[in-house]
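Engineer: This is the structure I want to talk about, given as structure tokens.
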Amino acid sequence: MARGLLTAFACALLCASTAAAGGVVKRPDLTWVRGDGSYTKASRTPAGHTITTIVIHATDGGTLGGNVWWLSAGHSHASAHYVISRDGSIVQLVHLSDIAWHAGNWKVNQHSIGIEHVGDTYDPAGFSNAEYTSSAKLAAWLVRRYDIPVDRAHIIGH
């Protein structure tokens, strides 16, 4: 997971410098699967700067479909804003203005975006390059959108 976090940092820095030079950081392609239940409706906005942190997670097993079902249908009493598959596909489960239940800490959840990665944390094979690439692009877009500092205090693992 450390490699993925470092990749996200590097991409976020690159994209931040690109945007400062007049470039545009675009949201990566994704699929929307809006679930019911395991999140809190809110009205967080980029202008309000209420989102200050990105929390990186691993599903510790399963498939993209299984994890989307588990996190979006109220079965788990947990959720995440995004799930990234081993092939790099991104699924959004919770709108960014709403609060996902991902960090196990209400104060952190209120001010963060949760990104789950399909895979096992301690698998010697690690996560796929496609997953790391999609994660880095998503993190870079979120960093620019919410003006999140690119450091370990604001992009954290859980």
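Just so we're on the same page: first chain in the structure tokens is A, next is B, and so on; residues restart at 1 for each chain, and ligands are numbered from 1 in the order they show up.
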Within 8 Å of range 105-116 of chain A, counting only C-alpha atoms, which residues qualify if same-chain residues fewer than 4 places away don't, as a list of chain:residue names?

Structural biologist: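 Here the answer would be A:Thr50, A:Ile51, A:Thr52, A:Thr53, A:Ile54, A:Val55, A:Ile56, A:His57, A:Ala58, A:Thr59, A:Ala80, A:His81, A:Tyr82, A:Val83, A:Ile84, A:Leu96, A:Ile99, A:Ala100, A:Trp101.
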
Engineer: Mind the document's chain letters and residue numbers, and return as JSON, numbers by chain the residues of range 46-79 of chain A that DSSP labels alpha helix (DSSP H).

Structural biologist: {"A": [64, 65, 66, 67, 68, 69, 70, 71, 72]}

Engineer: Would you mind exporting N, CA, C and O atoms of the selected residues as a PDB file, in the first residue's frame?

Structural biologist:
```pdb
ATOM      1  N   LEU A  64     -14.325  -6.628  -7.186  1.00  0.00           N
ATOM      2  CA  LEU A  64     -14.932  -5.308  -7.299  1.00  0.00           C
ATOM      3  C   LEU A  64     -16.438  -5.398  -7.054  1.00  0.00           C
ATOM      4  O   LEU A  64     -16.980  -4.664  -6.237  1.00  0.00           O
ATOM      5  N   GLY A  65     -17.112  -6.325  -7.740  1.00  0.00           N
ATOM      6  CA  GLY A  65     -18.559  -6.455  -7.586  1.00  0.00           C
ATOM      7  C   GLY A  65     -18.973  -6.762  -6.161  1.00  0.00           C
ATOM      8  O   GLY A  65     -19.922  -6.184  -5.634  1.00  0.00           O
ATOM      9  N   GLY A  66     -18.254  -7.676  -5.526  1.00  0.00           N
ATOM     10  CA  GLY A  66     -18.575  -8.036  -4.149  1.00  0.00           C
ATOM     11  C   GLY A  66     -18.374  -6.886  -3.181  1.00  0.00           C
ATOM     12  O   GLY A  66     -19.195  -6.653  -2.292  1.00  0.00           O
ATOM     13  N   ASN A  67     -17.301  -6.135  -3.358  1.00  0.00           N
ATOM     14  CA  ASN A  67     -17.033  -4.997  -2.476  1.00  0.00           C
ATOM     15  C   ASN A  67     -18.002  -3.851  -2.717  1.00  0.00           C
ATOM     16  O   ASN A  67     -18.430  -3.188  -1.770  1.00  0.00           O
ATOM     17  N   VAL A  68     -18.367  -3.612  -3.967  1.00  0.00           N
ATOM     18  CA  VAL A  68     -19.366  -2.576  -4.264  1.00  0.00           C
ATOM     19  C   VAL A  68     -20.692  -2.956  -3.609  1.00  0.00           C
ATOM     20  O   VAL A  68     -21.337  -2.128  -2.965  1.00  0.00           O
ATOM     21  N   TRP A  69     -21.095  -4.213  -3.745  1.00  0.00           N
ATOM     22  CA  TRP A  69     -22.348  -4.673  -3.129  1.00  0.00           C
ATOM     23  C   TRP A  69     -22.285  -4.501  -1.623  1.00  0.00           C
ATOM     24  O   TRP A  69     -23.216  -3.974  -1.006  1.00  0.00           O
ATOM     25  N   TRP A  70     -21.176  -4.921  -1.002  1.00  0.00           N
ATOM     26  CA  TRP A  70     -21.030  -4.877   0.447  1.00  0.00           C
ATOM     27  C   TRP A  70     -21.042  -3.440   0.975  1.00  0.00           C
ATOM     28  O   TRP A  70     -21.669  -3.142   1.990  1.00  0.00           O
ATOM     29  N   LEU A  71     -20.369  -2.531   0.282  1.00  0.00           N
ATOM     30  CA  LEU A  71     -20.236  -1.163   0.761  1.00  0.00           C
ATOM     31  C   LEU A  71     -21.385  -0.238   0.347  1.00  0.00           C
ATOM     32  O   LEU A  71     -21.529   0.844   0.898  1.00  0.00           O
ATOM     33  N   SER A  72     -22.196  -0.646  -0.611  1.00  0.00           N
ATOM     34  CA  SER A  72     -23.221   0.283  -1.107  1.00  0.00           C
ATOM     35  C   SER A  72     -24.643  -0.076  -0.708  1.00  0.00           C
ATOM     36  O   SER A  72     -25.535   0.730  -0.869  1.00  0.00           O
TER      37      SER A  72
END
```

Engineer: Go through A:Ser128, A:Thr121, A:Gln92, A:Ser79 one by one, measure the shortest atom-to-atom distance of each to Trp32 in chain A using only C-alpha atoms, and give the residue with the smallest value.

Structural biologist: A:Gln92

Engineer: Grab the CA of Ala130 in chain A to CA of Asp60 in chain A distance for me, in Å with one decimal place.

Structural biologist: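 Here the two named atoms are 17.5 Å from each other.
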
Engineer: Run DSSP on the backbone and give me the residues of range 51-115 of chain A it puts in strand (DSSP E), as a list in words.

Structural biologist: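 Result set for range 51-115 of chain A (strand (DSSP E)): Thr53, Ile54, Val55, Ile56, His57, Ala58, Tyr82, Val83, Ile84, Ile90, Val91, Gln92, Ile99, Ala100, Ser112, Ile113, Gly114 and Ile115 of chain A.
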
Engineer: Show me, as an mmCIF file with N, CA and C atoms, in the first residue's frame, the residues that have an atom within 7 Å of range 34-36 of chain A when counting only C-alpha atoms, minus same-chain residues fewer than 3 positions from it.

Structural biologist:
```
data_model
loop_
_atom_site.group_PDB
_atom_site.id
_atom_site.type_symbol
_atom_site.label_atom_id
_atom_site.label_comp_id
_atom_site.auth_asym_id
_atom_site.auth_seq_id
_atom_site.Cartn_x
_atom_site.Cartn_y
_atom_site.Cartn_z
ATOM 1 N N SER A 72 -22.196 -0.646 -0.611
ATOM 2 C CA SER A 72 -23.221 0.283 -1.107
ATOM 3 C C SER A 72 -24.643 -0.076 -0.708
ATOM 4 N N ALA A 73 -24.862 -1.251 -0.211
ATOM 5 C CA ALA A 73 -26.241 -1.685 0.028
ATOM 6 C C ALA A 73 -26.641 -1.656 1.493
ATOM 7 N N GLY A 74 -25.839 -1.060 2.344
ATOM 8 C CA GLY A 74 -26.183 -0.991 3.751
ATOM 9 C C GLY A 74 -25.889 -2.268 4.522
ATOM 10 N N LEU A 93 -19.356 5.367 -5.018
ATOM 11 C CA LEU A 93 -20.499 4.891 -4.254
ATOM 12 C C LEU A 93 -21.220 5.997 -3.498
ATOM 13 N N VAL A 94 -20.485 7.001 -3.058
ATOM 14 C CA VAL A 94 -21.040 8.078 -2.242
ATOM 15 C C VAL A 94 -20.655 9.404 -2.883
#
```

Engineer: For CA of Ser97 in chain A and CA of Pro149 in chain A, quote the distance in Å rounded to one decimal.

Structural biologist: 19.3 Å

Engineer: Calculate how many Å separate CA of Tyr122 in chain A from CA of His95 in chain A, rounding to one decimal.

Structural biologist: 29.7 Å

Engineer: Kindly indicate which residue among A:Ser43, A:Thr63, A:Ser89, A:Ser135 lies nearest to Val118 in chain A, using only C-alpha atoms for the distances.

Structural biologist: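 Smallest distance to Val118 in chain A is found for A:Thr63.
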